[in-house]
Amino acid sequence: MPSVQLDQKPRQRWQKVLYKKQLFPDNYVDQSFLEKLRKNVHARQYQYWAVVFESGVMIQQLCSVCVFVVIWWYMDLGLLAPQWLFGAGLASSLVGYVLFDAIDSGAGRSESGRTRWADLKSSVVFVAFTYGFSPVLKTLTESISTDTIYAMSAFMLLGHLIFFDYGANAAIVSSTLSLNMAIFASVCLASRLPRSLHAFVMVTFAIQIFALWPMLQKKLKARTPRGYVVITLLFATAALVGLLTITSVGAVLFALLLVSISCLCPYCLIRLQLFKNNIHGPWDEAEIKEDLSKFLL
């Protein structure tokens, strides 16, 4: 901000107010202008392992997308029977459902007031609805070329990762949009599978891994951090092994991506904090901290 220092000491003392007419120029400041200078007022001190732990959310979601693509690849080649995938997904959902309640001893269910009977009815309705519309899902994109389907699916899965709620308070976060993009990608990919049964199982699996699995992750992270770390490592290992059976180059690149996000990026974040230099002072915009809601009634 440009400043003007007067050579002669003025008779009137300068005051930092706008409602009074003074003998000084508009851009005049006295020697006390920089006395209230503050640096890095809202800077956060990060711990390396704490940042690595928080990066587990992104690792989990990347692995979820990887596992989903690997499962679709195996079903498309006929190496994975839909009956086996549906049975494994059903068993995993039951285990996760029991674990979800056991983590907090049912406290979350008591607060929400939702009963197990209501959960069972919702699950049955969803499975029946998806199974009934699976022939439609199978033929939904017949008029669209396969290359376009793959491009749209890749774009939607990327959007799912971008808009997913990783715990940051940002305007770009939208859990609903993220889930819808993942389901849209699953419908597109399921339409290229051999039979309608494959499409039904693929969409059901997408709901399990993109909607139910993150809910369990979130509770594990809050209640049992050590268990969350162990499950994250096991899940990342499973995703890498599955990808390795398809392409070794892709597995290596994916492993480098996971290591970069979980180890390299936290280190860079902490190092960059040393160069942080935000200044605050009298030139900042005024902030009204008083509750003004009473004047709106």
# chains A, B, ... in the order shown; residues from 1 in each chain; ligands from 1
$ closest_atom_pairs --of "stretch 193-259 of chain A" --to "stretch 82-95 of chain A" --cutoff "12 Å" --atoms "only C-alpha atoms" --output "tab-separated table"
residue	atom	partner	partner_atom	distance
A:Leu193	CA	A:Pro82	CA	10.5
A:Pro194	CA	A:Pro82	CA	10.6
A:Arg195	CA	A:Pro82	CA	9.6
A:Ser196	CA	A:Pro82	CA	10.2
A:Leu197	CA	A:Pro82	CA	6.9
A:His198	CA	A:Pro82	CA	5.6
A:Ala199	CA	A:Pro82	CA	8.9
A:Phe200	CA	A:Pro82	CA	8.8
A:Val201	CA	A:Phe86	CA	5.9
A:Met202	CA	A:Pro82	CA	8.1
A:Val203	CA	A:Phe86	CA	10.5
A:Thr204	CA	A:Phe86	CA	8.0
A:Phe205	CA	A:Gly89	CA	6.7
A:Ala206	CA	A:Gly89	CA	10.1
A:Ile207	CA	A:Gly89	CA	10.3
A:Gln208	CA	A:Ser93	CA	7.3
A:Ile209	CA	A:Gly89	CA	9.3
A:Ala211	CA	A:Ser93	CA	11.4
A:Leu212	CA	A:Ser93	CA	8.2
A:Trp213	CA	A:Ser93	CA	8.8
A:Met215	CA	A:Ser93	CA	11.9
A:Leu216	CA	A:Ser93	CA	10.4
$ write_last_selection --atoms "N, CA and C atoms" --output "compact mmCIF listing (two decimals), in the first residue's frame"
# COMPACT_ATOMS: atom_id res chain seq x y z
N LEU A 193 -21.19 -55.60 -20.42
CA LEU A 193 -20.99 -56.97 -19.95
C LEU A 193 -21.88 -57.93 -20.73
N PRO A 194 -21.57 -59.24 -20.71
CA PRO A 194 -22.27 -60.20 -21.60
C PRO A 194 -23.77 -60.31 -21.35
N ARG A 195 -24.23 -60.38 -20.09
CA ARG A 195 -25.63 -60.65 -19.79
C ARG A 195 -26.18 -59.62 -18.82
N SER A 196 -27.51 -59.61 -18.71
CA SER A 196 -28.17 -58.69 -17.79
C SER A 196 -27.85 -59.02 -16.33
N LEU A 197 -27.59 -60.31 -16.05
CA LEU A 197 -27.21 -60.69 -14.69
C LEU A 197 -25.87 -60.06 -14.31
N HIS A 198 -24.96 -59.99 -15.26
CA HIS A 198 -23.68 -59.33 -15.02
C HIS A 198 -23.89 -57.85 -14.69
N ALA A 199 -24.79 -57.20 -15.44
CA ALA A 199 -25.06 -55.79 -15.20
C ALA A 199 -25.67 -55.58 -13.82
N PHE A 200 -26.59 -56.44 -13.42
CA PHE A 200 -27.20 -56.34 -12.10
C PHE A 200 -26.16 -56.48 -10.99
N VAL A 201 -25.31 -57.47 -11.09
CA VAL A 201 -24.29 -57.69 -10.07
C VAL A 201 -23.28 -56.55 -10.04
N MET A 202 -22.94 -56.01 -11.21
CA MET A 202 -21.96 -54.94 -11.28
C MET A 202 -22.47 -53.66 -10.62
N VAL A 203 -23.73 -53.32 -10.88
CA VAL A 203 -24.31 -52.12 -10.26
C VAL A 203 -24.45 -52.32 -8.74
N THR A 204 -24.84 -53.51 -8.34
CA THR A 204 -24.94 -53.79 -6.90
C THR A 204 -23.58 -53.67 -6.23
N PHE A 205 -22.56 -54.19 -6.88
CA PHE A 205 -21.20 -54.09 -6.33
C PHE A 205 -20.75 -52.63 -6.26
N ALA A 206 -21.14 -51.82 -7.24
CA ALA A 206 -20.79 -50.40 -7.23
C ALA A 206 -21.40 -49.69 -6.02
N ILE A 207 -22.64 -50.02 -5.69
CA ILE A 207 -23.27 -49.44 -4.51
C ILE A 207 -22.52 -49.83 -3.24
N GLN A 208 -22.10 -51.08 -3.18
CA GLN A 208 -21.39 -51.55 -1.99
C GLN A 208 -20.05 -50.85 -1.82
N ILE A 209 -19.29 -50.69 -2.89
CA ILE A 209 -17.94 -50.18 -2.75
C ILE A 209 -17.87 -48.65 -2.77
N ALA A 211 -20.73 -46.55 -1.93
CA ALA A 211 -21.66 -45.94 -0.98
C ALA A 211 -21.52 -46.51 0.42
N LEU A 212 -21.50 -47.83 0.55
CA LEU A 212 -21.47 -48.45 1.87
C LEU A 212 -20.06 -48.52 2.45
N TRP A 213 -19.08 -48.85 1.62
CA TRP A 213 -17.72 -48.99 2.10
C TRP A 213 -17.16 -47.68 2.69
N MET A 215 -18.75 -45.36 4.25
CA MET A 215 -19.39 -45.14 5.54
C MET A 215 -18.69 -45.94 6.63
N LEU A 216 -18.34 -47.18 6.33
CA LEU A 216 -17.62 -48.00 7.30
C LEU A 216 -16.21 -47.45 7.52
$ select_by_dssp --residues "stretch 182-266 of chain A" --states "alpha helix (DSSP H)" --output "number ranges by chain"
A: 182-190, 196-207, 213-223, 225-244, 248-259, 265-266
$ residues_around --residues "A:Thr146" --least-positions-apart "5" --cutoff "9 Å" --atoms "only C-alpha atoms" --output "list in words"
Thr141, Ala151 and Arg192 of chain A
$ write_last_selection --atoms "C-alpha atoms" --output "PDB file, in the first residue's frame"
ATOM      1  CA  THR A 141     -26.273 -47.744 -24.200  1.00  0.00           C
ATOM      2  CA  ALA A 151     -14.269 -42.409 -22.103  1.00  0.00           C
ATOM      3  CA  ARG A 192     -20.891 -53.715 -21.935  1.00  0.00           C
TER       4      ARG A 192
END
$ closest_residue --among "A:Phe24, A:Tyr150, A:Tyr267, A:Tyr97" --to "A:Ala190" --atoms "only C-alpha atoms"
A:Tyr150
$ closest_residue --among "A:Leu137, A:Leu244, A:Ile183, A:Leu269" --to "A:Tyr46" --atoms "only C-alpha atoms"
A:Leu269
$ residues_around --residues "stretch 251-266 of chain A" --least-positions-apart "2" --cutoff "10 Å" --atoms "only C-alpha atoms" --output "VMD selection string"
chain A and resid 46 to 60 62 to 63 66 236 to 237 239 to 249 268 to 272
$ atom_distance --atom1 "atom CA of A:Thr148" --atom2 "atom CA of A:Thr176"
24.2 Å
$ atom_distance --atom1 "atom CA of A:Leu177" --atom2 "atom CA of A:Phe163"
6.9 Å
$ closest_residue --among "A:Leu18, A:Ile162, A:Val136, A:Leu23" --to "A:Cys188" --atoms "only C-alpha atoms"
A:Val136
$ atom_distance --atom1 "atom CA of A:Leu120" --atom2 "atom CA of A:Val98"
12.9 Å
